[in-house]
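Asks: The structure is given below, and queries will be raised subsequently.
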Amino acid sequence: MGDRFSSGRRFSFLVVIGPGILVAATGVGAGDLLTASLAGSRHGLTLLWAAWVGAVLKWFLNEGIARWQMATGTTVLEGWVDRLGRWVRWVFLAYLLVWTVFTAGALMNACGVAGTGLLPLGDDLRTSKIVWGAVHSLVGLVLVRMGGFRLFERMMSACIGLMFVTVVATAVLTRPDWGEVGRSLVTPRIPEGGLGYLLGVLGGVGGTVTLLSYGYWAREIGRRGAAGLRACRIDLAIGYLMTALFGMAMIVIGSRLALDRGPTVALELAGQLEGALGPAGKWVFLAGFWGAVFSSLLGVWQSVPYLFADFYRLNRGQSAERAEGVDFTRTTAYRVYLVLIAIVPLPLLWLSLERAQLSYAVLGSLFMPLLALTLLMMNTRRSWVGTAFTNGRLSNLALAATLLFFGYAALRKLIDSLGSLTPGI
(Lines give C-alpha, C1' and ligand atoms only; values in the text may rest on other atoms or scores of the structure.)
Protein backbone atom coordinates (compact mmCIF):
# COMPACT_ATOMS: atom_id res chain seq x y z
CA MET A 1 0.00 0.00 0.00
CA GLY A 2 2.92 2.30 0.56
CA ASP A 3 3.37 2.79 -3.19
CA ARG A 4 0.05 4.63 -3.36
CA PHE A 5 1.68 7.66 -1.79
CA SER A 6 4.07 10.10 -3.35
CA SER A 7 7.60 10.65 -2.11
CA GLY A 8 6.55 14.11 -0.96
CA ARG A 9 3.90 12.61 1.25
CA ARG A 10 6.41 10.11 2.62
CA PHE A 11 8.22 12.92 4.41
CA SER A 12 5.15 14.89 5.48
CA PHE A 13 4.48 15.57 9.15
CA LEU A 14 1.24 13.61 9.07
CA VAL A 15 3.05 10.48 7.91
CA VAL A 16 5.35 10.69 10.94
CA ILE A 17 2.57 11.01 13.54
CA GLY A 18 -0.58 10.26 11.50
CA PRO A 19 -1.66 6.86 12.90
CA GLY A 20 -0.97 8.02 16.46
CA ILE A 21 -3.13 11.10 15.91
CA LEU A 22 -5.89 8.87 14.53
CA VAL A 23 -5.67 6.66 17.62
CA ALA A 24 -5.96 9.70 19.89
CA ALA A 25 -8.88 11.17 17.98
CA THR A 26 -10.80 7.89 17.73
CA GLY A 27 -10.09 6.82 21.30
CA VAL A 28 -11.47 9.94 22.98
CA GLY A 29 -15.26 9.96 22.98
CA ALA A 30 -18.14 11.39 24.93
CA GLY A 31 -18.01 8.65 27.57
CA ASP A 32 -14.36 9.36 28.39
CA LEU A 33 -14.98 13.09 28.46
CA LEU A 34 -17.99 12.89 30.75
CA THR A 35 -16.51 10.22 33.03
CA ALA A 36 -13.39 12.30 33.60
CA SER A 37 -15.36 15.50 34.28
CA LEU A 38 -17.68 13.71 36.72
CA ALA A 39 -14.66 12.13 38.45
CA GLY A 40 -13.24 15.62 38.94
CA SER A 41 -16.53 16.98 40.17
CA ARG A 42 -16.96 14.15 42.72
CA HIS A 43 -13.38 13.70 43.89
CA GLY A 44 -11.46 16.79 42.90
CA LEU A 45 -7.98 16.22 41.53
CA THR A 46 -7.27 12.97 43.39
CA LEU A 47 -7.71 10.78 40.29
CA LEU A 48 -5.56 12.94 38.02
CA TRP A 49 -2.81 10.29 38.03
CA ALA A 50 -5.21 7.70 36.60
CA ALA A 51 -5.48 9.54 33.27
CA TRP A 52 -1.80 9.22 32.40
CA VAL A 53 -1.49 5.69 33.83
CA GLY A 54 -4.41 4.58 31.63
CA ALA A 55 -2.73 6.14 28.60
CA VAL A 56 0.51 4.27 29.36
CA LEU A 57 -1.34 0.94 29.57
CA LYS A 58 -3.04 1.57 26.23
CA TRP A 59 0.35 2.50 24.72
CA PHE A 60 1.70 -0.94 25.58
CA LEU A 61 -1.37 -2.60 24.05
CA ASN A 62 -1.04 -0.68 20.81
CA GLU A 63 2.72 -1.16 20.74
CA GLY A 64 2.05 -4.88 20.99
CA ILE A 65 -0.31 -4.67 18.01
CA ALA A 66 2.35 -2.80 16.02
CA ARG A 67 5.08 -5.23 17.17
CA TRP A 68 3.16 -8.22 15.80
CA GLN A 69 2.41 -6.55 12.49
CA MET A 70 5.91 -5.16 11.91
CA ALA A 71 7.36 -8.62 12.67
CA THR A 72 4.99 -10.74 10.59
CA GLY A 73 3.43 -8.43 8.00
CA THR A 74 -0.01 -9.55 9.18
CA THR A 75 -2.57 -7.77 11.32
CA VAL A 76 -3.52 -9.05 14.75
CA LEU A 77 -6.84 -10.30 13.36
CA GLU A 78 -4.97 -12.27 10.71
CA GLY A 79 -2.64 -13.56 13.42
CA TRP A 80 -5.56 -14.73 15.55
CA VAL A 81 -7.01 -16.72 12.69
CA ASP A 82 -3.69 -18.12 11.49
CA ARG A 83 -2.20 -18.99 14.88
CA LEU A 84 -5.08 -19.46 17.34
CA GLY A 85 -7.58 -21.38 15.23
CA ARG A 86 -10.73 -20.88 13.17
CA TRP A 87 -12.98 -20.55 16.25
CA VAL A 88 -11.52 -17.09 16.92
CA ARG A 89 -12.99 -15.58 13.78
CA TRP A 90 -16.58 -16.50 14.71
CA VAL A 91 -16.27 -15.34 18.29
CA PHE A 92 -14.78 -12.09 17.06
CA LEU A 93 -17.44 -11.61 14.37
CA ALA A 94 -20.28 -12.03 16.88
CA TYR A 95 -18.63 -9.57 19.24
CA LEU A 96 -17.81 -7.10 16.45
CA LEU A 97 -21.40 -6.98 15.19
CA VAL A 98 -22.88 -6.31 18.64
CA TRP A 99 -20.12 -3.85 19.57
CA THR A 100 -20.57 -1.96 16.29
CA VAL A 101 -24.29 -1.38 16.82
CA PHE A 102 -23.99 -0.08 20.39
CA THR A 103 -20.81 1.91 19.78
CA ALA A 104 -22.24 3.58 16.70
CA GLY A 105 -25.45 4.34 18.58
CA ALA A 106 -23.52 5.90 21.45
CA LEU A 107 -21.47 8.06 19.06
CA MET A 108 -24.59 9.20 17.20
CA ASN A 109 -26.16 10.18 20.52
CA ALA A 110 -23.06 12.07 21.58
CA CYS A 111 -22.87 13.95 18.28
CA GLY A 112 -26.56 14.74 18.62
CA VAL A 113 -25.97 16.27 22.06
CA ALA A 114 -22.95 18.22 20.76
CA GLY A 115 -24.88 19.54 17.78
CA THR A 116 -27.80 20.54 19.98
CA GLY A 117 -25.45 22.39 22.31
CA LEU A 118 -24.01 24.42 19.45
CA LEU A 119 -27.21 24.94 17.46
CA PRO A 120 -30.46 23.62 18.99
CA LEU A 121 -33.21 22.90 16.48
CA GLY A 122 -36.31 24.33 18.12
CA ASP A 123 -37.39 23.96 21.73
CA ASP A 124 -37.57 20.16 21.83
CA LEU A 125 -34.00 19.19 22.73
CA ARG A 126 -34.71 15.46 22.38
CA THR A 127 -35.85 15.87 18.78
CA SER A 128 -32.90 18.16 18.10
CA LYS A 129 -30.52 15.50 19.43
CA ILE A 130 -32.08 12.84 17.18
CA VAL A 131 -31.86 15.03 14.07
CA TRP A 132 -28.28 16.14 14.72
CA GLY A 133 -27.22 12.57 15.50
CA ALA A 134 -28.60 11.32 12.19
CA VAL A 135 -27.01 14.22 10.30
CA HIS A 136 -23.59 13.55 11.80
CA SER A 137 -23.84 9.85 10.98
CA LEU A 138 -24.69 10.48 7.34
CA VAL A 139 -22.08 13.24 6.95
CA GLY A 140 -19.49 10.87 8.39
CA LEU A 141 -20.57 8.23 5.87
CA VAL A 142 -20.13 10.64 2.95
CA LEU A 143 -16.75 11.94 4.14
CA VAL A 144 -15.31 8.45 4.63
CA ARG A 145 -16.82 7.01 1.45
CA MET A 146 -15.95 9.88 -0.91
CA GLY A 147 -12.88 11.46 0.64
CA GLY A 148 -10.51 8.53 0.98
CA PHE A 149 -7.76 8.11 3.55
CA ARG A 150 -6.07 11.47 2.92
CA LEU A 151 -9.21 13.54 3.57
CA PHE A 152 -10.04 11.37 6.57
CA GLU A 153 -6.55 11.93 8.02
CA ARG A 154 -6.77 15.69 7.57
CA MET A 155 -10.28 15.92 8.99
CA MET A 156 -9.25 13.92 12.04
CA SER A 157 -6.17 16.06 12.58
CA ALA A 158 -8.31 19.21 12.45
CA CYS A 159 -10.88 17.77 14.87
CA ILE A 160 -8.33 16.62 17.42
CA GLY A 161 -6.52 19.96 17.15
CA LEU A 162 -9.78 21.75 17.94
CA MET A 163 -10.57 19.30 20.73
CA PHE A 164 -7.14 19.47 22.32
CA VAL A 165 -6.64 23.23 22.19
CA THR A 166 -10.11 24.18 23.40
CA VAL A 167 -10.35 21.67 26.25
CA VAL A 168 -6.83 22.31 27.56
CA ALA A 169 -7.39 26.06 27.28
CA THR A 170 -10.64 25.74 29.23
CA ALA A 171 -8.84 23.78 31.97
CA VAL A 172 -6.18 26.48 32.27
CA LEU A 173 -8.82 29.25 32.39
CA THR A 174 -10.54 27.60 35.37
CA ARG A 175 -7.41 28.49 37.39
CA PRO A 176 -6.88 25.27 39.37
CA ASP A 177 -4.46 24.94 42.28
CA TRP A 178 -1.36 24.05 40.28
CA GLY A 179 0.45 22.76 43.36
CA GLU A 180 -2.35 20.29 43.97
CA VAL A 181 -2.32 19.38 40.27
CA GLY A 182 1.36 18.46 40.53
CA ARG A 183 0.87 16.41 43.69
CA SER A 184 -2.11 14.54 42.24
CA LEU A 185 -0.14 13.61 39.12
CA VAL A 186 2.55 11.76 41.11
CA THR A 187 0.59 10.54 44.15
CA PRO A 188 -1.73 7.61 43.39
CA ARG A 189 -4.77 7.86 45.65
CA ILE A 190 -8.19 6.25 45.58
CA PRO A 191 -10.74 8.46 47.34
CA GLU A 192 -13.50 6.92 49.42
CA GLY A 193 -16.24 5.76 47.08
CA GLY A 194 -14.06 6.54 44.07
CA LEU A 195 -13.19 3.04 42.81
CA GLY A 196 -15.84 3.14 40.09
CA TYR A 197 -14.56 6.45 38.75
CA LEU A 198 -10.98 5.16 38.96
CA LEU A 199 -11.94 2.25 36.71
CA GLY A 200 -13.74 4.63 34.37
CA VAL A 201 -10.78 7.02 34.03
CA LEU A 202 -8.15 4.28 33.70
CA GLY A 203 -10.14 2.29 31.18
CA GLY A 204 -11.69 5.18 29.29
CA VAL A 205 -8.65 6.64 27.54
CA GLY A 206 -7.48 5.38 24.20
CA GLY A 207 -10.29 3.27 22.75
CA THR A 208 -11.11 -0.45 22.80
CA VAL A 209 -11.83 -2.44 19.61
CA THR A 210 -10.57 0.48 17.51
CA LEU A 211 -7.05 -0.27 18.75
CA LEU A 212 -6.99 -3.04 16.14
CA SER A 213 -7.43 -0.40 13.45
CA TYR A 214 -3.99 1.01 14.15
CA GLY A 215 -2.41 -1.79 12.14
CA TYR A 216 -4.46 -0.93 9.06
CA TRP A 217 -3.59 2.76 9.35
CA ALA A 218 0.11 1.87 9.69
CA ARG A 219 -0.22 -0.32 6.59
CA GLU A 220 -1.83 2.58 4.69
CA ILE A 221 1.44 4.52 4.92
CA GLY A 222 3.69 1.54 4.27
CA ARG A 223 5.28 0.83 7.65
CA ARG A 224 7.07 -2.48 8.14
CA GLY A 225 9.98 -4.08 9.93
CA ALA A 226 12.18 -2.66 12.68
CA ALA A 227 12.06 0.86 11.24
CA GLY A 228 8.28 0.70 11.17
CA LEU A 229 8.14 -0.37 14.81
CA ARG A 230 10.35 2.57 15.84
CA ALA A 231 8.04 4.96 13.97
CA CYS A 232 4.99 3.36 15.59
CA ARG A 233 6.43 3.82 19.07
CA ILE A 234 7.01 7.52 18.40
CA ASP A 235 3.59 8.34 16.96
CA LEU A 236 1.81 6.24 19.61
CA ALA A 237 3.69 8.17 22.31
CA ILE A 238 2.52 11.46 20.78
CA GLY A 239 -1.06 10.22 20.39
CA TYR A 240 -1.35 8.91 23.94
CA LEU A 241 0.36 11.99 25.37
CA MET A 242 -2.43 14.06 23.82
CA THR A 243 -5.00 11.57 25.11
CA ALA A 244 -3.60 11.76 28.65
CA LEU A 245 -3.51 15.56 28.61
CA PHE A 246 -7.10 15.65 27.39
CA GLY A 247 -8.26 13.32 30.16
CA MET A 248 -6.39 15.30 32.80
CA ALA A 249 -7.83 18.56 31.48
CA MET A 250 -11.37 17.17 31.82
CA ILE A 251 -10.69 16.14 35.42
CA VAL A 252 -9.39 19.65 36.16
CA ILE A 253 -12.47 21.23 34.58
CA GLY A 254 -14.80 18.93 36.49
CA SER A 255 -13.02 19.65 39.78
CA ARG A 256 -14.06 23.30 39.51
CA LEU A 257 -17.76 22.55 39.00
CA ALA A 258 -20.65 20.74 40.69
CA LEU A 259 -22.16 18.33 38.17
CA ASP A 260 -25.10 15.94 38.29
CA ARG A 261 -24.86 12.58 36.53
CA GLY A 262 -27.40 12.49 33.75
CA PRO A 263 -28.03 12.45 30.00
CA THR A 264 -27.51 16.23 29.69
CA VAL A 265 -24.33 16.43 31.74
CA ALA A 266 -22.36 17.78 28.75
CA LEU A 267 -24.75 20.68 28.30
CA GLU A 268 -24.83 21.20 32.07
CA LEU A 269 -21.05 21.36 32.05
CA ALA A 270 -21.12 23.97 29.30
CA GLY A 271 -23.70 26.01 31.21
CA GLN A 272 -21.63 26.01 34.38
CA LEU A 273 -18.54 27.03 32.45
CA GLU A 274 -20.51 29.97 31.09
CA GLY A 275 -21.21 31.04 34.66
CA ALA A 276 -17.57 30.62 35.69
CA LEU A 277 -15.79 31.92 32.59
CA GLY A 278 -18.42 33.89 30.71
CA PRO A 279 -20.04 33.09 27.34
CA ALA A 280 -16.65 32.40 25.76
CA GLY A 281 -16.05 29.54 28.19
CA LYS A 282 -19.29 27.86 27.17
CA TRP A 283 -18.70 28.10 23.44
CA VAL A 284 -15.04 27.11 23.63
CA PHE A 285 -15.96 23.98 25.56
CA LEU A 286 -18.85 23.09 23.25
CA ALA A 287 -16.53 23.40 20.26
CA GLY A 288 -14.01 21.08 21.91
CA PHE A 289 -16.75 18.62 22.89
CA TRP A 290 -18.00 18.55 19.31
CA GLY A 291 -14.45 17.99 18.01
CA ALA A 292 -13.99 15.08 20.42
CA VAL A 293 -17.19 13.21 19.59
CA PHE A 294 -17.25 13.86 15.83
CA SER A 295 -13.61 12.80 15.43
CA SER A 296 -14.43 9.62 17.35
CA LEU A 297 -17.41 8.97 15.06
CA LEU A 298 -15.28 9.54 11.95
CA GLY A 299 -12.59 7.23 13.30
CA VAL A 300 -15.03 4.39 13.94
CA TRP A 301 -16.80 4.86 10.60
CA GLN A 302 -13.47 4.70 8.75
CA SER A 303 -11.66 2.02 10.74
CA VAL A 304 -14.16 -0.62 11.85
CA PRO A 305 -15.14 -1.62 8.27
CA TYR A 306 -11.46 -2.59 7.83
CA LEU A 307 -11.97 -5.28 10.46
CA PHE A 308 -15.07 -6.67 8.78
CA ALA A 309 -13.46 -6.57 5.32
CA ASP A 310 -10.41 -8.41 6.66
CA PHE A 311 -12.65 -10.98 8.34
CA TYR A 312 -14.60 -11.48 5.12
CA ARG A 313 -11.40 -11.97 3.14
CA LEU A 314 -10.08 -14.53 5.63
CA ASN A 315 -13.39 -16.38 5.72
CA ARG A 316 -13.19 -16.84 1.96
CA GLY A 317 -10.04 -18.85 2.51
CA GLN A 318 -7.51 -16.25 1.38
CA SER A 319 -4.10 -16.41 3.04
CA ALA A 320 -3.59 -14.60 6.34
CA GLU A 321 0.15 -14.43 5.74
CA ARG A 322 0.16 -11.16 3.84
CA ALA A 323 -2.48 -8.70 2.68
CA GLU A 324 -0.28 -5.64 2.12
CA GLY A 325 -1.42 -5.34 -1.48
CA VAL A 326 -5.11 -5.27 -0.55
CA ASP A 327 -6.84 -1.89 -0.49
CA PHE A 328 -9.66 -2.76 1.87
CA THR A 329 -11.46 0.55 1.32
CA ARG A 330 -12.17 -0.47 -2.27
CA THR A 331 -13.71 -3.82 -1.37
CA THR A 332 -17.44 -4.48 -1.38
CA ALA A 333 -17.28 -5.79 2.19
CA TYR A 334 -15.77 -2.53 3.45
CA ARG A 335 -18.31 -0.35 1.64
CA VAL A 336 -21.32 -2.41 2.72
CA TYR A 337 -20.24 -2.39 6.36
CA LEU A 338 -19.62 1.36 6.22
CA VAL A 339 -23.21 1.95 5.05
CA LEU A 340 -24.59 -0.43 7.68
CA ILE A 341 -22.66 1.17 10.54
CA ALA A 342 -24.07 4.57 9.61
CA ILE A 343 -27.70 3.45 9.21
CA VAL A 344 -28.56 0.34 11.26
CA PRO A 345 -27.92 1.93 14.73
CA LEU A 346 -30.03 5.04 13.97
CA PRO A 347 -32.97 3.79 16.14
CA LEU A 348 -30.64 4.00 19.18
CA LEU A 349 -30.90 7.79 18.88
CA TRP A 350 -34.19 7.43 20.76
CA LEU A 351 -32.22 6.19 23.80
CA SER A 352 -30.70 8.58 26.32
CA LEU A 353 -27.01 9.38 25.97
CA GLU A 354 -26.32 7.83 29.36
CA ARG A 355 -27.95 4.49 28.48
CA ALA A 356 -26.19 4.34 25.11
CA GLN A 357 -22.82 5.11 26.70
CA LEU A 358 -23.42 2.44 29.35
CA SER A 359 -23.93 -0.28 26.74
CA TYR A 360 -20.86 0.89 24.81
CA ALA A 361 -18.65 0.97 27.93
CA VAL A 362 -19.60 -2.54 29.01
CA LEU A 363 -19.02 -4.09 25.59
CA GLY A 364 -15.74 -2.23 25.10
CA SER A 365 -14.35 -3.26 28.46
CA LEU A 366 -14.93 -6.95 27.67
CA PHE A 367 -12.53 -6.73 24.71
CA MET A 368 -9.42 -5.48 26.52
CA PRO A 369 -8.57 -8.65 28.52
CA LEU A 370 -8.80 -10.71 25.32
CA LEU A 371 -6.43 -8.39 23.48
CA ALA A 372 -3.88 -8.30 26.33
CA LEU A 373 -3.97 -12.09 26.70
CA THR A 374 -3.49 -12.81 23.00
CA LEU A 375 -0.64 -10.31 22.71
CA LEU A 376 1.09 -12.08 25.59
CA MET A 377 0.63 -15.41 23.79
CA MET A 378 1.65 -14.24 20.32
CA ASN A 379 4.49 -11.78 20.95
CA THR A 380 6.41 -14.07 23.30
CA ARG A 381 6.83 -16.84 20.68
CA ARG A 382 10.21 -16.40 18.99
CA SER A 383 9.17 -18.88 16.31
CA TRP A 384 6.29 -16.56 15.43
CA VAL A 385 7.78 -13.05 15.65
CA GLY A 386 11.53 -13.65 15.70
CA THR A 387 14.03 -12.77 18.41
CA ALA A 388 14.22 -9.07 17.51
CA PHE A 389 10.48 -8.54 17.99
CA THR A 390 9.83 -10.68 21.08
CA ASN A 391 8.30 -8.87 24.06
CA GLY A 392 10.72 -7.64 26.69
CA ARG A 393 10.14 -7.96 30.42
CA LEU A 394 8.61 -4.49 30.70
CA SER A 395 6.15 -5.19 27.89
CA ASN A 396 5.14 -8.50 29.43
CA LEU A 397 4.70 -6.88 32.84
CA ALA A 398 2.57 -4.08 31.40
CA LEU A 399 0.42 -6.51 29.40
CA ALA A 400 -0.07 -8.76 32.43
CA ALA A 401 -1.09 -5.76 34.54
CA THR A 402 -3.46 -4.67 31.76
CA LEU A 403 -4.97 -8.16 31.63
CA LEU A 404 -5.61 -8.21 35.37
CA PHE A 405 -6.93 -4.66 35.54
CA PHE A 406 -9.23 -4.80 32.53
CA GLY A 407 -10.41 -8.27 33.48
CA TYR A 408 -11.51 -6.89 36.83
CA ALA A 409 -12.91 -3.73 35.25
CA ALA A 410 -14.92 -5.75 32.72
CA LEU A 411 -16.40 -7.93 35.46
CA ARG A 412 -17.28 -4.93 37.60
CA LYS A 413 -18.84 -3.00 34.72
CA LEU A 414 -20.88 -6.03 33.72
CA ILE A 415 -22.22 -6.47 37.26
CA ASP A 416 -22.92 -2.74 37.65
CA SER A 417 -24.67 -2.54 34.29
CA LEU A 418 -26.94 -5.50 35.10
CA GLY A 419 -27.92 -3.70 38.30
CA SER A 420 -28.56 -0.40 36.52
CA LEU A 421 -30.78 -2.11 33.93
CA THR A 422 -32.97 -3.74 36.59
CA PRO A 423 -36.53 -2.30 36.45
CA GLY A 424 -37.19 0.25 39.13
CA ILE A 425 -33.58 1.12 39.76
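Chain labels run A, B, ... following the order of the C-alpha coordinates; each chain numbers its residues from 1, and ligands are numbered from 1 in the order shown.
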Which residues, written as a ChimeraX atom specification, have at least one atom at most 9 Å from Phe149 of chain A, with only C-alpha atoms counted and residues fewer than 3 positions away on the same chain left out?
Replies: /A:144,152-154,217,220,302,329
Asks: Against segment 273-290 of chain A, which residues of segment 102-149 of chain A fall within 9 Å? For each one I want the closest pair of atoms and the distance in Å (one decimal), counting only C-alpha atoms, rows by chain and increasing residue number, as a tab-separated table.
Replies:
```
residue	atom	partner	partner_atom	distance
A:Ala110	CA	A:Trp290	CA	8.5
A:Cys111	CA	A:Trp290	CA	6.8
A:Val113	CA	A:Trp290	CA	8.7
A:Ala114	CA	A:Trp290	CA	5.2
A:Gly115	CA	A:Trp290	CA	7.1
A:Gly117	CA	A:Leu286	CA	6.7
A:Leu118	CA	A:Leu286	CA	6.5
```
Asks: Taking only C-alpha atoms into account, which of A:Phe406, A:Gly225, A:Gly148, A:Leu138 comes nearest Gly386 of chain A?
Replies: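 Checking each of A:Phe406, A:Gly225, A:Gly148, A:Leu138 against Gly386 of chain A, counting only C-alpha atoms, the winner is A:Gly225.
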Asks: Can you list every residue in segment 272-413 of chain A that DSSP puts in helix (DSSP H, G or I), as a PyMOL selection string?
Replies: chain A and resi 272-277+279-315+328-330+332-343+346-350+353-378+382-385+387-389+393-413
Asks: Which residue gives the smallest distance to Arg150 of chain A among A:Ile221, A:Ala104, A:Ala401, A:Ala231, with only C-alpha atoms counted?
Replies: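 Of all the options, A:Ile221 lies closest to Arg150 of chain A.
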Asks: Taking 5 positions as the minimum chain separation for residues in the same chain, which residues sit within 10 Å of Arg145 of chain A when counting only C-alpha atoms? Answer as a ChimeraX atom specification.
Replies: /A:139-140,152,301-302,329-330,334-335,338-339
